[in-house]
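Enquirer: Got a structure here, written out as structure tokens. Questions coming.
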Amino acid sequence: MSDEYILVTGAGGFIGSHLIEYLLNRKEKVVGTYHNATTDLGYNSDKCKLIPCDVINREQVEDILKQYRPKIIFHLAAQSYPTVSWEKPNYTIEANMCGTINIFESVKKFDLNSHVLVACSSAEYGFVTKEEVPVKETHDLLPLHPYGVSKVGQDLLAYQYYKNYGIDTTRIRIFNTTGPRKVNDVCSDFSKRIALAEKGSIKKIKVGNLETKRAFMDVRDLINALFLATQKGESGEAYNICGTKAYKIQEILDKLLNLTDIKPEIYQDPALIRPTDEPVIMGDITKFVEATGWKQTITLEKTLQDMLDFWREELNK
């Protein structure tokens, strides 16, 4: 096949499903891979080729890259939960680092002219003090869990393959991202609980620490940034992508409660309080904005409204 396709690994994930929709809207030819999908594959299954593939399996990866010879590879496939990484550190390292090696080795083996974007993480930075926020790309990489370590590994592998073999690649360190279809973050949890309360399924909204601050970014803004990175980012570079304003978790809860007519009881659940919790998580995006001109366009209010509507629809199915 000619170099017409764009490959998205991790197409069965939250970011991957939105990215495929974005690319299809651009009339791109898209092929996606999935393994243990966390998002309903039905969103895109009738519009593009979706192939089961565990990136740990070198032969599977080679077969797909040999057949489709993609012009761009968005490498999103990963074991992406820090909590799971404590339980399964070996699998996390293998999926994230060995999977990344398999992508680059296949590009090298078949002499592909692919741009490889590797989805990295703010978890690479580890604990950051208030004085170091917003954190820059030059900050030390000192992760606090196996997931963060695996993302540092992906990040540095991408740089190594660029430096040693000239493979065109960019590394994107993604900060807090949310939006419709997201599960297991505070915005999603609050939205789902309010939707449940509206149906009368629960009477109380459980919360954790409401004083920490997070710079949330809508997944649709992130997707735009990822594509821009492949067009305007400098090969071999690492870039932060983050929301431009940090909100207290209390503010997020208040904004969601303003979108409903119910008045549920709010109570703090000790089980939701983390032993260590960074007071602020926010990245410096100056480098990326200067390189690409990217702007955050979707307000937090819009994001939360869409997330609440998503859970209302899901719970009514």
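Simple scheme: letters A, B, ... for chains in structure tokens order, numbers from 1 for residues in each chain, numbers from 1 for ligands in the order shown.
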Name the residues in contact with Asp254 of chain A at a cut-off of 12 Å, using only C-alpha atoms, excluding same-chain residues fewer than 3 positions from it; report them as number ranges by chain.

Expert: A: 187, 190-191, 194, 210, 247-251, 257-260, 263-264, 266, 300-301, 304

Enquirer: Give me the residues within 12 Å of Glu87 of chain A as a VMD selection string, counting only C-alpha atoms and dropping any in the same chain fewer than 6 places off.

Expert: chain A and resid 79 81 93 145 to 147

Enquirer: Generate a file of the selected residues that holds C-alpha atoms, formatted as a PDB file, in the first residue's frame.

Expert:
```pdb
ATOM      1  CA  GLN A  79      -1.401   0.375  30.106  1.00  0.00           C
ATOM      2  CA  TYR A  81      -3.617   3.517  34.850  1.00  0.00           C
ATOM      3  CA  ILE A  93       6.660  -1.815  31.596  1.00  0.00           C
ATOM      4  CA  HIS A 145       4.949   4.912  40.175  1.00  0.00           C
ATOM      5  CA  PRO A 146       5.692   2.203  37.582  1.00  0.00           C
ATOM      6  CA  TYR A 147       3.323   3.846  35.093  1.00  0.00           C
TER       7      TYR A 147
END
```

Enquirer: Figure out the distance between atom CA of Asn36 of chain A and atom CA of Ala229 of chain A, please, to one decimal in Å.

Expert: 27.2 Å

Enquirer: Run DSSP on the backbone and tell me which residues of segment 65-256 of chain A come out as alpha helix (DSSP H); list them as an MDAnalysis selection string.

Expert: chainID A and resid 65:68 82:87 89:93 99:109 146:165 186:198 219:232 249:256

Enquirer: Any chance you can output those residues with C-alpha atoms as an mmCIF file, in the first residue's frame?

Expert:
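Below is the file that was written, again_38.cif:
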```
data_model
loop_
_atom_site.group_PDB
_atom_site.id
_atom_site.type_symbol
_atom_site.label_atom_id
_atom_site.label_comp_id
_atom_site.auth_asym_id
_atom_site.auth_seq_id
_atom_site.Cartn_x
_atom_site.Cartn_y
_atom_site.Cartn_z
ATOM 1 C CA LEU A 65 3.040 -1.682 9.584
ATOM 2 C CA LYS A 66 4.250 -3.755 6.645
ATOM 3 C CA GLN A 67 0.756 -3.856 5.134
ATOM 4 C CA TYR A 68 -0.350 -0.247 5.679
ATOM 5 C CA PRO A 82 -1.110 4.379 37.609
ATOM 6 C CA THR A 83 -3.072 2.288 40.150
ATOM 7 C CA VAL A 84 -2.906 -0.781 37.894
ATOM 8 C CA SER A 85 0.827 -0.232 37.470
ATOM 9 C CA TRP A 86 1.349 -0.904 41.183
ATOM 10 C CA GLU A 87 -0.484 -4.221 40.826
ATOM 11 C CA PRO A 89 4.417 -3.375 37.154
ATOM 12 C CA ASN A 90 5.919 -6.006 34.839
ATOM 13 C CA TYR A 91 3.001 -5.854 32.432
ATOM 14 C CA THR A 92 2.980 -2.035 32.523
ATOM 15 C CA ILE A 93 6.660 -1.815 31.596
ATOM 16 C CA GLY A 99 5.312 -1.988 22.734
ATOM 17 C CA THR A 100 7.050 1.258 21.816
ATOM 18 C CA ILE A 101 10.200 -0.619 20.813
ATOM 19 C CA ASN A 102 8.107 -2.843 18.531
ATOM 20 C CA ILE A 103 6.666 0.222 16.781
ATOM 21 C CA PHE A 104 10.066 1.808 16.161
ATOM 22 C CA GLU A 105 11.760 -1.452 15.207
ATOM 23 C CA SER A 106 9.043 -2.086 12.615
ATOM 24 C CA VAL A 107 9.439 1.417 11.188
ATOM 25 C CA LYS A 108 13.175 0.767 10.974
ATOM 26 C CA LYS A 109 12.840 -2.761 9.559
ATOM 27 C CA PRO A 146 5.692 2.203 37.582
ATOM 28 C CA TYR A 147 3.323 3.846 35.093
ATOM 29 C CA GLY A 148 5.331 7.079 35.251
ATOM 30 C CA VAL A 149 8.570 5.120 34.871
ATOM 31 C CA SER A 150 7.168 3.351 31.803
ATOM 32 C CA LYS A 151 6.246 6.705 30.260
ATOM 33 C CA VAL A 152 9.761 8.038 30.832
ATOM 34 C CA GLY A 153 10.935 4.900 29.048
ATOM 35 C CA GLN A 154 8.639 5.560 26.072
ATOM 36 C CA ASP A 155 9.739 9.176 25.969
ATOM 37 C CA LEU A 156 13.460 8.396 25.937
ATOM 38 C CA LEU A 157 13.075 5.500 23.509
ATOM 39 C CA ALA A 158 11.445 7.863 21.035
ATOM 40 C CA TYR A 159 14.357 10.277 21.424
ATOM 41 C CA GLN A 160 16.867 7.445 21.025
ATOM 42 C CA TYR A 161 15.319 6.194 17.779
ATOM 43 C CA TYR A 162 15.234 9.763 16.451
ATOM 44 C CA LYS A 163 18.866 10.404 17.380
ATOM 45 C CA ASN A 164 20.303 7.047 16.324
ATOM 46 C CA TYR A 165 18.206 6.218 13.273
ATOM 47 C CA VAL A 186 -12.752 13.484 38.985
ATOM 48 C CA CYS A 187 -14.768 15.212 36.237
ATOM 49 C CA SER A 188 -16.134 11.908 35.010
ATOM 50 C CA ASP A 189 -16.836 10.596 38.507
ATOM 51 C CA PHE A 190 -18.694 13.760 39.541
ATOM 52 C CA SER A 191 -20.670 13.831 36.275
ATOM 53 C CA LYS A 192 -21.694 10.196 36.601
ATOM 54 C CA ARG A 193 -22.715 10.547 40.253
ATOM 55 C CA ILE A 194 -24.838 13.617 39.512
ATOM 56 C CA ALA A 195 -26.511 11.771 36.616
ATOM 57 C CA LEU A 196 -27.198 8.861 38.978
ATOM 58 C CA ALA A 197 -28.595 11.260 41.583
ATOM 59 C CA GLU A 198 -30.895 12.783 38.958
ATOM 60 C CA VAL A 219 -9.913 15.874 24.846
ATOM 61 C CA ARG A 220 -11.029 17.618 21.645
ATOM 62 C CA ASP A 221 -8.482 20.387 22.228
ATOM 63 C CA LEU A 222 -5.859 17.719 22.911
ATOM 64 C CA ILE A 223 -6.650 15.941 19.641
ATOM 65 C CA ASN A 224 -6.130 19.173 17.728
ATOM 66 C CA ALA A 225 -2.794 19.589 19.512
ATOM 67 C CA LEU A 226 -1.675 16.050 18.668
ATOM 68 C CA PHE A 227 -2.326 16.572 14.971
ATOM 69 C CA LEU A 228 -0.614 19.975 15.011
ATOM 70 C CA ALA A 229 2.409 18.336 16.634
ATOM 71 C CA THR A 230 2.827 16.045 13.616
ATOM 72 C CA GLN A 231 2.598 18.995 11.227
ATOM 73 C CA LYS A 232 4.524 21.750 13.009
ATOM 74 C CA ILE A 249 -11.692 20.485 42.470
ATOM 75 C CA GLN A 250 -14.345 22.326 44.503
ATOM 76 C CA GLU A 251 -14.860 24.683 41.531
ATOM 77 C CA ILE A 252 -15.399 21.726 39.204
ATOM 78 C CA LEU A 253 -18.009 20.259 41.535
ATOM 79 C CA ASP A 254 -19.767 23.627 41.845
ATOM 80 C CA LYS A 255 -19.867 24.090 38.065
ATOM 81 C CA LEU A 256 -21.447 20.657 37.624
#
```

Enquirer: Can you pull out every residue from segment 42-243 of chain A that DSSP, working from the backbone, puts in strand (DSSP E), and format the result as a short mmCIF file (atom, residue, chain, number, x, y, z; two decimals) with C-alpha atoms, in the first residue's frame?

Expert:
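Output saved as out03.cif:
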```cif
data_model
loop_
_atom_site.label_atom_id
_atom_site.label_comp_id
_atom_site.auth_asym_id
_atom_site.auth_seq_id
_atom_site.Cartn_x
_atom_site.Cartn_y
_atom_site.Cartn_z
CA LYS A 49 -10.45 -0.42 9.71
CA LEU A 50 -10.03 -1.54 13.34
CA ILE A 51 -7.61 -4.40 13.95
CA PRO A 52 -7.06 -6.35 17.19
CA ILE A 72 1.76 9.03 10.53
CA ILE A 73 1.64 6.76 13.57
CA PHE A 74 -0.12 8.06 16.66
CA HIS A 75 1.20 5.67 19.29
CA HIS A 115 6.16 10.33 11.56
CA VAL A 116 5.75 8.67 14.96
CA LEU A 117 3.99 10.65 17.68
CA VAL A 118 4.42 9.05 21.10
CA ALA A 119 1.83 9.89 23.75
CA CYS A 120 3.82 10.52 26.91
CA SER A 121 2.59 11.82 30.26
CA THR A 169 9.15 11.57 15.94
CA THR A 170 7.64 13.93 18.49
CA ARG A 171 6.99 13.29 22.18
CA ILE A 172 3.90 14.78 23.78
CA ARG A 173 3.67 14.95 27.57
CA ILE A 174 -0.07 15.05 28.18
CA THR A 177 -7.37 15.56 29.93
CA THR A 178 -11.09 14.92 30.22
CA LYS A 204 -25.26 11.48 48.18
CA ILE A 205 -22.27 12.61 46.11
CA LYS A 206 -18.99 11.17 47.42
CA VAL A 207 -15.94 13.43 47.09
CA LYS A 213 -5.97 22.31 41.64
CA ARG A 214 -5.80 20.76 38.18
CA MET A 217 -8.04 20.23 29.08
CA ASP A 218 -10.84 18.97 26.83
CA ALA A 238 9.30 16.80 23.74
CA TYR A 239 6.34 19.11 24.35
CA ASN A 240 3.93 19.65 27.23
CA ILE A 241 0.23 19.92 26.37
#
```

Enquirer: In Å, rounded to a single decimal, give me how far atom CA of Glu237 of chain A is from atom CA of Ala215 of chain A.

Expert: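 Answer for the atom CA of Ala215 of chain A to atom CA of Glu237 of chain A separation: 22.6 Å.
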
Enquirer: Just the residues within 12 Å of Tyr34 of chain A, please, counting only C-alpha atoms, with nothing from its chain fewer than 4 positions along; format it as a ChimeraX atom specification.

Expert: /A:7-14,16-17,38-41,44-45,49-56,60-61,75-79

Enquirer: Given the choices A:Gly283, A:Gly179, A:Gly208, A:Gly200, which gets closest to Asp306 of chain A if the distance is worked out from only C-alpha atoms?

Expert: A:Gly179

Enquirer: For Ile285 of chain A, find every residue with an atom within 9 Å (counting only C-alpha atoms), except residues of its own chain fewer than 4 positions away, and show them as a PyMOL selection string.

Expert: chain A and resi 134-137+239-244+289-290

Enquirer: Please, could you write that set of residues out with C-alpha atoms as a PDB file, in the first residue's frame?

Expert:
```pdb
ATOM      1  CA  PRO A 134       3.804  25.433  35.718  1.00  0.00           C
ATOM      2  CA  VAL A 135       6.355  22.687  35.109  1.00  0.00           C
ATOM      3  CA  LYS A 136       8.643  23.007  32.081  1.00  0.00           C
ATOM      4  CA  GLU A 137       9.903  20.260  29.780  1.00  0.00           C
ATOM      5  CA  TYR A 239       6.340  19.113  24.350  1.00  0.00           C
ATOM      6  CA  ASN A 240       3.932  19.648  27.231  1.00  0.00           C
ATOM      7  CA  ILE A 241       0.227  19.915  26.371  1.00  0.00           C
ATOM      8  CA  CYS A 242      -1.965  21.200  29.175  1.00  0.00           C
ATOM      9  CA  GLY A 243      -4.949  23.360  29.992  1.00  0.00           C
ATOM     10  CA  THR A 244      -4.190  27.029  30.528  1.00  0.00           C
ATOM     11  CA  VAL A 289       2.400  27.195  21.492  1.00  0.00           C
ATOM     12  CA  GLU A 290       5.427  28.903  19.951  1.00  0.00           C
TER      13      GLU A 290
END
```

Enquirer: Quick one: of A:Thr303, A:Gly233, A:Glu314, A:Glu94, who's nearest to Lys287 of chain A, counting only C-alpha atoms?

Expert: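 Checking each candidate against Lys287 of chain A, we get A:Gly233 as the closest.
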